[in-house]
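*Asks:* Questions regarding the structure given below will be posed in turn.
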Amino acid sequence: MICVSRILFLFIACEIVVWGLNRQSSESWKILFYDLRSGFVDHRDYLKRFALFMIAFAVVYIFYIVCNKDGLAFEWHVRIGAGKRSFLIWKGYWVVFICMCAVFLGLTWMIYSGMAGFGRNNLWQGSTEIGHSFGIVEGSIYTGSLEAFMKNYERGYRTFEVDLEITSDNQVVLRHDWDQAIQEGISSDNIPTQEQFLSIPIKGKLTPLSFQDLCLLMQEYPDIWIVTDSKYADWENVIKQFNIMVQTAKECGAEEALDRLVIQIYNPAMYDAVTGVYPFRSYIFTMYQYWDGTPGQFKDICRWSVDHNIDAITMPRDRATQGILEIAERYDRDVYVHTVNEVAAAKEFLDQGVRGIYTDGINPEDLKEDKE
C-alpha cells in the first residue's frame with residue numbers, strides 16, 4: 001500500500017520549492033536565496049503560505065500516526081558493502097527535512113559570502129565623486145571637452161560621466177545634446193558629421209572629442225573609468241550606438257578600454273539591448289526616466305538589479321530619502337545621486353549611506369575625510 005504521508009510530504013516540499021523559485025518568472029535563484037537570508041522581508045505572503053502548508057502537513061501526519069501504530073517506527077536502511085551490512089537511518093521524514101534546510105542555508109551562506117560567485121559583480125568598484133560631463137572648466141559645465149578632462153583629472157577625479165551623441169555620418173562624439181548653444185552652426189536641425197563637430201571649438205576655445213579620442217585617452221590614462229550617458233533608450237538606437245562604440249574601440253586598438261566603461265542603463269530593455277552587443281563588465285541603473293518614485297517600484301528595481309549583476313543605482317538627489325536608502329542597503333546596492341555641487345550637501349548624503357555623487361566641480365580633497 002502506498003504511504004499517504006510520504007506522498008503528501010514530497011508534494012508539499014516540492015510545491016514550496018517550486019512556488020518559491022517561480023514567484024516571479026524573471027527572478028532567479030539569487031533572489032530566492034536573498035529572501036531566505038532576509039526572512040522574506042519583502043514577501044511576507046510566502047511565509048504565510050509556508051506556515052499553512054506546514055500546519056496542514058502536521059495535521060495529516062499526526063492523523064496518520066494515530067491511525068497507524070507503526071507510524072513512529074518509520075525507518076530507512078542504507079546498505080553498504082554489496083548489501084552485506086545495513087545501517088539504520090532513524091525517522092526518515094525528519095532526515096529529509098533537516099537535509100533540505102542544511103542545503104538551503106549552506107547555499108545561501110555560500111552565495112552571499114561570494115564563495116559561489118554570486119557576490120558583487122561589477123569590475124568597477126565605485127567612486128565617491130563622478131565628474132559630471134568631465135566636470136567644470138573655466139566656469140562652463142556640460143562641455144565634455146579635453147580641457148575639462150585634463151583640469152579635473154589633475155584635481156583628483158578618476159571616474160567621469162560623459163554624454164554621447166551620434167553624428168550625421170554615424171560616428172559617436174561627446175556631446176550632451178545637439179541643441180546646446182556651445183558650437184556655432186550645430187543644432188538638432190543641423191546635426192554635423194564627426195569631422196565638422198571636431199572642427200568647431202566649444203565656446204570658441206575648448207577642444208571637442210570623439211569617442212575614438214576618448215578611447216585613446218583611456219589608454220593614456222589607465223586609471224580612469226567612464227560612465228556612459230548614451231541618451232538613447234529605444235532598442236534600435238541603443239544597438240546602433242553601442243555597435244559604433246565597440247567597432248570604434250576595436251579599430252583604434254583600444255578594445256581594453258571597453259572594460260573600463262560603466263554602462264548607464266535607463267530601463268531593463270536597454271540592458272538587454274546592450275548585453276546583446278558586447279559583454280561589458282560594469283553597469284549602473286539610472287532612475288530618472290524609469291522610476292515612478294514609489295518604494296514599491298524601487299524594491300522591484302533593486303531585485304532586478306541583483307538578478308542582473310548591477311551593483312549601482314543612481315537617482316536625482318531629491319529622491320534619495322532614508323527609506324529608499326534602507327531598501328538599497330537591504331539589497332546591497334550602491335546608490336549615487338546627481339547632481340550635487342555643494343560640499344555640505346555631498347557630505348550629508350555620504351553620511352546617510354550614499355556611495356557617491358555626480359558633481360560638476362566639488363574638489364575631491366574636500367570629501368577626502370568621508371572616504372576614510
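Naming scheme: A, B, ... for chains in displayed order of the C-alpha cells; residues 1 onward per chain; ligands 1 onward as shown.
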Can you write out as a Markdown table which residues of region 275-305 of chain A fall within 10 Å of region 223-229 of chain A, alongside each residue's closest atom pair and its distance in Å to one decimal, counting only C-alpha atoms and ordering rows by chain and ascending residue number?

*Replies:*
```
| residue | atom | partner | partner_atom | distance |
| --- | --- | --- | --- | --- |
| A:Ser282 | CA | A:Val227 | CA | 9.3 |
| A:Tyr283 | CA | A:Val227 | CA | 8.5 |
| A:Ile284 | CA | A:Val227 | CA | 8.2 |
| A:Thr286 | CA | A:Asp229 | CA | 9.4 |
```

*Asks:* Please identify which residues in region 232-357 of chain A DSSP calls strand (DSSP E) from the backbone, and express them as a list in words.

*Replies:*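 Strand (DSSP E) members of region 232-357 of chain A, listed: Leu261, Val262, Ile263, Gln264, Ile265, Ser282, Tyr283, Ile284, Phe285, Thr286, Ala312, Ile313, Thr314, Met315, Pro316, Asp334, Val335, Tyr336, Val337, His338, Gly356 and Ile357 of chain A.
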
*Asks:* Looking at only C-alpha atoms, which of A:Phe197, A:Phe298, A:Tyr157, A:Trp178 is the one that sits closest to Ile362 (chain A)?

*Replies:*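 Using only C-alpha atoms, the shortest distance to Ile362 (chain A) belongs to A:Tyr157.
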
*Asks:* For Ala181 (chain A), list every protein, DNA or RNA residue within 12 Å, evaluated using only C-alpha atoms, and leave out those in the same chain fewer than 2 positions away; present the list as a list in words.

*Replies:*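 So, after excluding close chain neighbours, the residues are Tyr142, Thr143, Arg175, His176, Asp177, Trp178, Asp179, Gln183, Glu184, Gly185, Ile186, Ser187, Ser188, Pro201, Ile202, Lys203 and Gly204 of chain A.
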
*Asks:* Take the residues that were just selected and, keeping N, CA and C atoms, output them as a short mmCIF file (atom, residue, chain, number, x, y, z; two decimals), in the first residue's frame.

*Replies:*
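Output file part25.cif is given in full below:
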```cif
data_model
loop_
_atom_site.label_atom_id
_atom_site.label_comp_id
_atom_site.auth_asym_id
_atom_site.auth_seq_id
_atom_site.Cartn_x
_atom_site.Cartn_y
_atom_site.Cartn_z
N TYR A 142 28.94 70.88 -18.80
CA TYR A 142 28.40 70.16 -19.96
C TYR A 142 29.23 70.37 -21.22
N THR A 143 30.54 70.51 -21.07
CA THR A 143 31.35 70.72 -22.29
C THR A 143 31.86 69.40 -22.86
N ARG A 175 28.90 64.81 -26.53
CA ARG A 175 28.02 65.98 -26.63
C ARG A 175 26.76 65.69 -25.84
N HIS A 176 26.30 66.64 -25.04
CA HIS A 176 25.09 66.42 -24.23
C HIS A 176 23.85 66.35 -25.10
N ASP A 177 23.66 67.30 -25.97
CA ASP A 177 22.58 67.27 -26.94
C ASP A 177 22.90 68.29 -28.04
N TRP A 178 22.28 68.13 -29.19
CA TRP A 178 22.63 68.97 -30.34
C TRP A 178 22.11 70.40 -30.22
N ASP A 179 21.16 70.64 -29.31
CA ASP A 179 20.62 71.98 -29.17
C ASP A 179 21.38 72.85 -28.16
N GLN A 183 28.45 75.38 -29.83
CA GLN A 183 29.25 75.29 -31.04
C GLN A 183 28.47 75.94 -32.19
N GLU A 184 29.10 76.84 -32.82
CA GLU A 184 28.44 77.61 -33.87
C GLU A 184 27.97 76.72 -35.02
N GLY A 185 26.70 76.92 -35.40
CA GLY A 185 26.15 76.23 -36.56
C GLY A 185 25.65 74.83 -36.30
N ILE A 186 25.70 74.35 -35.07
CA ILE A 186 25.26 72.99 -34.75
C ILE A 186 23.96 73.04 -33.96
N SER A 187 22.99 72.23 -34.38
CA SER A 187 21.70 72.12 -33.68
C SER A 187 21.06 70.81 -34.07
N SER A 188 19.91 70.51 -33.47
CA SER A 188 19.20 69.27 -33.83
C SER A 188 18.68 69.32 -35.25
N PRO A 201 35.42 74.68 -32.28
CA PRO A 201 35.73 74.73 -30.85
C PRO A 201 34.46 74.95 -30.01
N ILE A 202 34.44 74.34 -28.84
CA ILE A 202 33.34 74.53 -27.91
C ILE A 202 33.51 75.87 -27.21
N LYS A 203 32.48 76.70 -27.30
CA LYS A 203 32.53 78.05 -26.76
C LYS A 203 33.73 78.83 -27.29
N GLY A 204 34.13 78.49 -28.50
CA GLY A 204 35.18 79.22 -29.18
C GLY A 204 36.59 78.93 -28.72
#
```

*Asks:* Going by DSSP on the backbone, which bits of region 154-346 of chain A are alpha helix (DSSP H)? Write them as an NGL selection string, please.

*Replies:* :A and (154-155 or 194-199 or 211-220 or 235-251 or 268-275 or 295-307 or 322-330 or 343-346)

*Asks:* Find the residues around region 330-338 of chain A up to 10 Å (only C-alpha atoms counted), leave out those fewer than 2 positions away in its own chain, and share them as an mmCIF file with C-alpha atoms, in the first residue's frame.

*Replies:*
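As written to disk, out-v6.cif reads:
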```cif
data_model
loop_
_atom_site.group_PDB
_atom_site.id
_atom_site.type_symbol
_atom_site.label_atom_id
_atom_site.label_comp_id
_atom_site.auth_asym_id
_atom_site.auth_seq_id
_atom_site.Cartn_x
_atom_site.Cartn_y
_atom_site.Cartn_z
ATOM 1 C CA ILE A 31 16.617 36.328 -5.292
ATOM 2 C CA TYR A 34 18.213 36.663 -0.683
ATOM 3 C CA SER A 38 16.306 38.171 4.894
ATOM 4 C CA VAL A 41 11.070 40.609 4.394
ATOM 5 C CA GLY A 119 28.683 38.335 -4.822
ATOM 6 C CA ARG A 120 29.205 41.802 -6.253
ATOM 7 C CA GLN A 125 34.284 49.195 -7.590
ATOM 8 C CA GLY A 126 32.742 52.636 -7.373
ATOM 9 C CA SER A 127 33.937 56.132 -6.610
ATOM 10 C CA THR A 128 32.956 58.867 -4.172
ATOM 11 C CA GLU A 129 32.776 61.520 -6.883
ATOM 12 C CA ILE A 130 31.915 61.232 -10.574
ATOM 13 C CA HIS A 132 29.636 65.235 -14.499
ATOM 14 C CA ILE A 284 24.789 51.478 -13.294
ATOM 15 C CA PHE A 285 20.987 51.816 -13.420
ATOM 16 C CA THR A 286 19.842 55.452 -13.656
ATOM 17 C CA MET A 287 16.378 56.150 -12.297
ATOM 18 C CA TYR A 288 15.334 59.490 -13.770
ATOM 19 C CA LYS A 299 12.249 47.477 -4.356
ATOM 20 C CA CYS A 302 16.712 46.509 -6.628
ATOM 21 C CA ARG A 303 15.609 42.897 -7.013
ATOM 22 C CA SER A 305 19.467 44.687 -10.339
ATOM 23 C CA VAL A 306 20.602 41.876 -8.041
ATOM 24 C CA ILE A 310 24.101 45.514 -11.488
ATOM 25 C CA ASP A 311 25.688 46.771 -8.287
ATOM 26 C CA ALA A 312 24.974 50.514 -8.572
ATOM 27 C CA ILE A 313 21.874 52.697 -8.910
ATOM 28 C CA THR A 314 21.801 56.447 -9.485
ATOM 29 C CA MET A 315 18.913 58.825 -8.864
ATOM 30 C CA PRO A 316 18.028 62.522 -8.579
ATOM 31 C CA ARG A 317 19.117 63.919 -5.236
ATOM 32 C CA ASP A 318 15.587 64.692 -4.052
ATOM 33 C CA ARG A 319 14.613 61.014 -4.231
ATOM 34 C CA ALA A 320 17.429 59.682 -2.050
ATOM 35 C CA ILE A 324 14.878 54.434 -0.195
ATOM 36 C CA LEU A 325 18.463 54.154 1.031
ATOM 37 C CA GLU A 326 17.388 51.469 3.511
ATOM 38 C CA ILE A 327 15.850 49.403 0.700
ATOM 39 C CA ALA A 328 19.048 49.753 -1.353
ATOM 40 C CA VAL A 340 25.484 67.724 -6.173
ATOM 41 C CA ASN A 341 27.715 70.806 -6.202
ATOM 42 C CA ALA A 346 27.581 65.982 -0.512
ATOM 43 C CA PHE A 349 24.434 62.342 1.513
ATOM 44 C CA LEU A 350 27.578 60.336 2.218
ATOM 45 C CA GLY A 353 24.793 55.987 3.207
ATOM 46 C CA VAL A 354 25.006 57.235 -0.382
ATOM 47 C CA ARG A 355 28.015 55.678 -2.125
ATOM 48 C CA GLY A 356 28.884 58.697 -4.250
ATOM 49 C CA ILE A 357 27.767 61.789 -6.125
ATOM 50 C CA TYR A 358 27.769 63.137 -9.657
ATOM 51 C CA THR A 359 29.219 66.624 -9.430
ATOM 52 C CA ASP A 360 30.275 69.466 -11.684
#
```

*Asks:* What are the nearest atom pairs, with distances in Å to one decimal, for all residues of region 275-350 of chain A that come at most 10 Å from region 241-254 of chain A, using only C-alpha atoms, set out by chain and rising residue number as a Markdown table?

*Replies:*
```
| residue | atom | partner | partner_atom | distance |
| --- | --- | --- | --- | --- |
| A:Thr275 | CA | A:Phe242 | CA | 9.8 |
| A:Gly276 | CA | A:Asn243 | CA | 9.8 |
| A:Val277 | CA | A:Asn243 | CA | 6.3 |
| A:Tyr278 | CA | A:Val246 | CA | 7.5 |
```

*Asks:* Please provide as a list in words all residues within 6 Å of region 163-168 of chain A, with the sequence filter that same-chain residues fewer than 4 positions apart are discarded (counting only C-alpha atoms).

*Replies:*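 Final neighbour list, sorted by chain and number: Val172, Val173, Leu174, Arg175, His176, Ile191, Pro192, Thr193, Gln194, Asp229 and Ser230 of chain A.
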
*Asks:* Give me, as a list in words, all polymer residues having an atom no more than 8 Å from Leu123 (chain A), counting only C-alpha atoms and skipping those fewer than 6 positions away in the same chain.

*Replies:*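 Surrounding residues, per the criterion: Asp259, Arg260, Arg281 and Ser282 of chain A.
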
*Asks:* Do you have the CA of Gln297 (chain A)-CA of Met270 (chain A) distance handy?

*Replies:* 17.7 Å

*Asks:* Calculated over only C-alpha atoms, which of the candidates A:Lys151, A:Ala233, A:Gln322, A:Thr339 has the smallest distance to Asp351 (chain A)?

*Replies:*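 Smallest separation from Asp351 (chain A) among the options: A:Gln322.
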
*Asks:* Which residues are near Gly156 (chain A)? Cut-off 7 Å, only C-alpha atoms, ignore same chain within fewer than 3 positions. Put them as a PyMOL selection string.

*Replies:* chain A and resi 152-153+364

*Asks:* Would you output that residue set with all heavy atoms, as a CSV table (one decimal), in the first residue's frame?

*Replies:*
```
chain,number,residue,atom,x,y,z
A,152,ASN,N,40.1,68.4,-14.5
A,152,ASN,CA,39.5,67.6,-13.3
A,152,ASN,C,40.3,66.3,-13.0
A,152,ASN,O,40.3,65.9,-11.9
A,152,ASN,CB,38.1,67.4,-13.6
A,152,ASN,CG,37.2,68.7,-13.5
A,152,ASN,OD1,37.1,69.2,-12.4
A,152,ASN,ND2,36.7,69.1,-14.6
A,153,TYR,N,41.0,65.8,-14.0
A,153,TYR,CA,41.9,64.7,-13.7
A,153,TYR,C,43.0,65.2,-12.7
A,153,TYR,O,43.4,64.5,-11.8
A,153,TYR,CB,42.5,64.2,-15.0
A,153,TYR,CG,43.5,63.0,-14.7
A,153,TYR,CD1,43.0,61.7,-14.6
A,153,TYR,CD2,44.8,63.1,-14.5
A,153,TYR,CE1,43.8,60.6,-14.4
A,153,TYR,CE2,45.7,62.1,-14.3
A,153,TYR,CZ,45.1,60.8,-14.2
A,153,TYR,OH,46.0,59.7,-14.0
A,364,PRO,N,37.7,66.9,-4.9
A,364,PRO,CA,37.8,65.6,-4.2
A,364,PRO,C,38.4,65.7,-2.9
A,364,PRO,O,38.1,64.9,-1.9
A,364,PRO,CB,38.6,64.7,-5.2
A,364,PRO,CG,38.3,65.3,-6.5
A,364,PRO,CD,38.2,66.7,-6.3
```

*Asks:* Check the smallest atom-to-atom distance from each of A:Ser133, A:Ala257, A:Asp169, A:Gln212 to Gln196 (chain A) using only C-alpha atoms, then report the winner.

*Replies:* A:Asp169

*Asks:* Select, from A:Ala344, A:Leu206, A:Val162, A:Cys215, the residue with the minimum atom-to-atom distance to Glu147 (chain A), counting only C-alpha atoms.

*Replies:*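 Selected residue with least distance to Glu147 (chain A): A:Leu206.
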